[in-house]
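Just below is one structure, and these are the notes that go with it.
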Amino acid sequence: MGIQSNVEVQTEWGIVSARQAGRNLAKEAGFSSVDQARIATAISELARNIYLYANNGEIIIEFLENENVSPPRRGIKITARDEGPGIDNIRNAMEDGYTTSGGLGAGLPGVKRLMDEFDIDSRSGVGTEITAIKWLR
Amino acid sequence: MRIPILKLHKYLLISVQVELDDQTALQFQEDLLNKIHQEGSLGVVIDLTSVEMIDSYIAKVLGDVVDMSNLMGAKVVLTGIQPAVAITLIDMGIMLHEVPTALDLEQGLEKLQQELED
Ligand SMILES: Nc1ncnc2c1ncn2[C@@H]1O[C@H](COP(=O)(O)OP(=O)(O)OP(=O)(O)O)[C@@H](O)[C@H]1O
Ligand SMILES: [Mg+2]
């Protein structure tokens with residue numbers, strides 16, 4: 001199945017569209033209401049970081065289906081990509097309470113806990129790509 | 001989009017029925033503080049029954065609203081937080097410390113009355 005949704009994040013409205021797209025896809029995929037909220041919240045955090053720190057970028061939400069394992073594994077993958085300033089110190093950024101913008105510093109460590117898999121690739125001056133997966137139970 | 005604020009005696013009642021985007025949340029913060037000032041309100045109940053998601057930004061705005069209202073002398077009770085929202089907030093490590101909460105509007109009003117009697 002190739003269901004995928006790409007949302008440009010350039011304004012605050014992009015944040016809302018991205019999390020709504022994520023919630024819809026999560027619902028269609030059969031996630032529980034709690035997992036729908038987790039996925040929507042994770043997308044909201046990643047989209048907001050793009051908007052705040054990189055000005056613009058995109059969120060890609062994909063339905064994953066792996067038939068080669070038994071039982072087949074399904075899930076939702078979020079990719080947040082920008083060509084912003086990058087994150088200088090990823091270790092700091094992943095700490096609860098660390099913020100450079102007067103926020104709660106809950107975004108990135110929160111996304112990691114909300115989702116099952118989390119990966120961050122960021123280079124100073126090049127940009128940031130974060131991927132996160134939630135598996136259907 | 002503006003969130004309506006209802007007045008009931010010395011209280012203000014708000015039921016958030018719209019998707020809380022940033023602009024709406026900030027506008028609400030400002031409207032509520034102005035209304036508390038105008039009406040000399042003693043207490044506020046904010047009902048979140050229809051809110052399906054609270055991220056760190058919205059949580060911060062809500063926490064700030066509570067602190068600002070307290071500064072002005074009005075107590076705030078949050079009501080109706082959905083199970084999925086409560087679970088994600090805890091996953092995120094966000095605790096709304098010292099913010100009184102109740103199950104629904106009615107119990108929220110009772111809680112306000114109790115708090116104001118102490
Ligand atoms: N896409 C990004 N590009 C550049 N820097 C980023 C990006 N995302 C996060 N950061 C950096 O990592 C820090 C931590 O991000 P995190 O989302 O955890 O907290 P926050 O955005 O500061 O606050 P909160 O998300 O709680 O409102 C940010 O303050 C910022 O410095
Ligand atoms: Mg953030």
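Each chain in the structure tokens gets a letter, A, B and so on, in the order shown; residues start at 1 in every chain, and ligands are counted from 1 in the order they appear.
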
Sorted by chain and rising residue number, which residues of region 16-89 of chain B lie within 10 Å of region 102-106 of chain A, and what are their closest atom pairs and distances in Å to one decimal, counting only C-alpha atoms, as JSON lines?
{"residue": "B:Asp55", "atom": "CA", "partner": "A:Ala106", "partner_atom": "CA", "distance": 9.1}
{"residue": "B:Ser56", "atom": "CA", "partner": "A:Ala106", "partner_atom": "CA", "distance": 6.2}
{"residue": "B:Tyr57", "atom": "CA", "partner": "A:Gly103", "partner_atom": "CA", "distance": 7.2}
{"residue": "B:Ala59", "atom": "CA", "partner": "A:Leu104", "partner_atom": "CA", "distance": 8.8}
{"residue": "B:Lys60", "atom": "CA", "partner": "A:Leu104", "partner_atom": "CA", "distance": 6.9}
{"residue": "B:Val61", "atom": "CA", "partner": "A:Gly103", "partner_atom": "CA", "distance": 10.0}
{"residue": "B:Leu89", "atom": "CA", "partner": "A:Ala106", "partner_atom": "CA", "distance": 9.9}

Using only C-alpha atoms, find each residue of chain A with at least one atom at most 10 Å away from an atom of chain B; report its shortest atom-to-atom pair and that distance in Å (one decimal), sort the rows by chain and rising residue number, and return the result as CSV.
residue,atom,partner,partner_atom,distance
A:Glu12,CA,B:Asp22,CA,6.9
A:Trp13,CA,B:Asp21,CA,7.6
A:Ile15,CA,B:Asp21,CA,8.3
A:Val16,CA,B:Asp21,CA,6.6
A:Arg19,CA,B:Met53,CA,9.4
A:Gln20,CA,B:Glu19,CA,9.8
A:Arg23,CA,B:Met53,CA,10.0
A:Ser32,CA,B:Ala84,CA,9.3
A:Ser33,CA,B:Ala84,CA,6.5
A:Val34,CA,B:Ala84,CA,4.4
A:Asp35,CA,B:Ala84,CA,7.9
A:Gln36,CA,B:Ala84,CA,8.4
A:Ala37,CA,B:Met53,CA,5.9
A:Arg38,CA,B:Thr88,CA,5.8
A:Ile39,CA,B:Thr88,CA,9.5
A:Ala40,CA,B:Met53,CA,7.2
A:Thr41,CA,B:Asp55,CA,5.5
A:Ala42,CA,B:Asp55,CA,8.0
A:Ile43,CA,B:Asp55,CA,9.4
A:Ser44,CA,B:Asp55,CA,6.7
A:Glu45,CA,B:Asp55,CA,6.7
A:Arg48,CA,B:Tyr57,CA,8.6
A:Asp96,CA,B:Gly93,CA,7.8
A:Gly97,CA,B:Gly93,CA,9.4
A:Gly103,CA,B:Tyr57,CA,7.2
A:Leu104,CA,B:Ser56,CA,6.6
A:Gly105,CA,B:Ser56,CA,8.1
A:Ala106,CA,B:Ser56,CA,6.2
A:Gly107,CA,B:Ser56,CA,6.4
A:Leu108,CA,B:Met92,CA,9.0
A:Pro109,CA,B:Met92,CA,7.3
A:Gly110,CA,B:Met92,CA,4.1
A:Val111,CA,B:Met92,CA,7.2
A:Lys112,CA,B:Met92,CA,8.8
A:Arg113,CA,B:Asp91,CA,6.2
A:Leu114,CA,B:Asp91,CA,6.1
A:Met115,CA,B:Asp91,CA,9.8

Same residues, C-alpha atoms, output as a PDB file, in the first residue's frame:
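Just written: again19.pdb:
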ATOM      1  CA  GLU A  12       1.627  27.807  11.580  1.00  0.00           C
ATOM      2  CA  TRP A  13      -1.133  26.416   9.384  1.00  0.00           C
ATOM      3  CA  ILE A  15       1.706  22.559  11.548  1.00  0.00           C
ATOM      4  CA  VAL A  16      -2.063  22.088  11.855  1.00  0.00           C
ATOM      5  CA  ARG A  19      -0.921  16.825  12.381  1.00  0.00           C
ATOM      6  CA  GLN A  20      -4.415  16.484  10.912  1.00  0.00           C
ATOM      7  CA  ARG A  23      -4.245  11.709  12.575  1.00  0.00           C
ATOM      8  CA  SER A  32      -6.183   3.242  18.761  1.00  0.00           C
ATOM      9  CA  SER A  33      -7.323   6.705  19.763  1.00  0.00           C
ATOM     10  CA  VAL A  34      -4.385   6.975  22.166  1.00  0.00           C
ATOM     11  CA  ASP A  35      -1.888   6.097  19.421  1.00  0.00           C
ATOM     12  CA  GLN A  36      -3.645   8.513  17.044  1.00  0.00           C
ATOM     13  CA  ALA A  37      -3.063  11.250  19.622  1.00  0.00           C
ATOM     14  CA  ARG A  38       0.566  10.152  20.059  1.00  0.00           C
ATOM     15  CA  ILE A  39       1.194  10.273  16.303  1.00  0.00           C
ATOM     16  CA  ALA A  40      -0.556  13.636  15.884  1.00  0.00           C
ATOM     17  CA  THR A  41       1.378  15.082  18.819  1.00  0.00           C
ATOM     18  CA  ALA A  42       4.730  13.803  17.515  1.00  0.00           C
ATOM     19  CA  ILE A  43       4.018  15.358  14.104  1.00  0.00           C
ATOM     20  CA  SER A  44       2.986  18.615  15.729  1.00  0.00           C
ATOM     21  CA  GLU A  45       6.291  18.778  17.653  1.00  0.00           C
ATOM     22  CA  ARG A  48       6.761  23.185  14.974  1.00  0.00           C
ATOM     23  CA  ASP A  96      14.234  16.933  28.696  1.00  0.00           C
ATOM     24  CA  GLY A  97      13.986  20.655  29.325  1.00  0.00           C
ATOM     25  CA  GLY A 103       9.921  26.511  25.159  1.00  0.00           C
ATOM     26  CA  LEU A 104       9.410  23.596  27.533  1.00  0.00           C
ATOM     27  CA  GLY A 105      12.188  21.629  25.841  1.00  0.00           C
ATOM     28  CA  ALA A 106       9.807  18.701  25.715  1.00  0.00           C
ATOM     29  CA  GLY A 107       9.532  18.294  21.927  1.00  0.00           C
ATOM     30  CA  LEU A 108      12.313  15.976  20.765  1.00  0.00           C
ATOM     31  CA  PRO A 109      12.595  13.777  23.885  1.00  0.00           C
ATOM     32  CA  GLY A 110       8.791  13.625  23.860  1.00  0.00           C
ATOM     33  CA  VAL A 111       8.625  12.449  20.233  1.00  0.00           C
ATOM     34  CA  LYS A 112      11.158   9.731  21.044  1.00  0.00           C
ATOM     35  CA  ARG A 113       8.950   8.421  23.859  1.00  0.00           C
ATOM     36  CA  LEU A 114       5.687   8.772  21.920  1.00  0.00           C
ATOM     37  CA  MET A 115       6.969   6.718  18.975  1.00  0.00           C
TER      38      MET A 115
END

| request: Go ahead and compute the interatomic distance for CA of Val77 (chain B) and CA of Gly40 (chain B), in Å to one decimal. | output: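 Computing the Euclidean distance for CA of Val77 (chain B) and CA of Gly40 (chain B) yields 16.8 Å.
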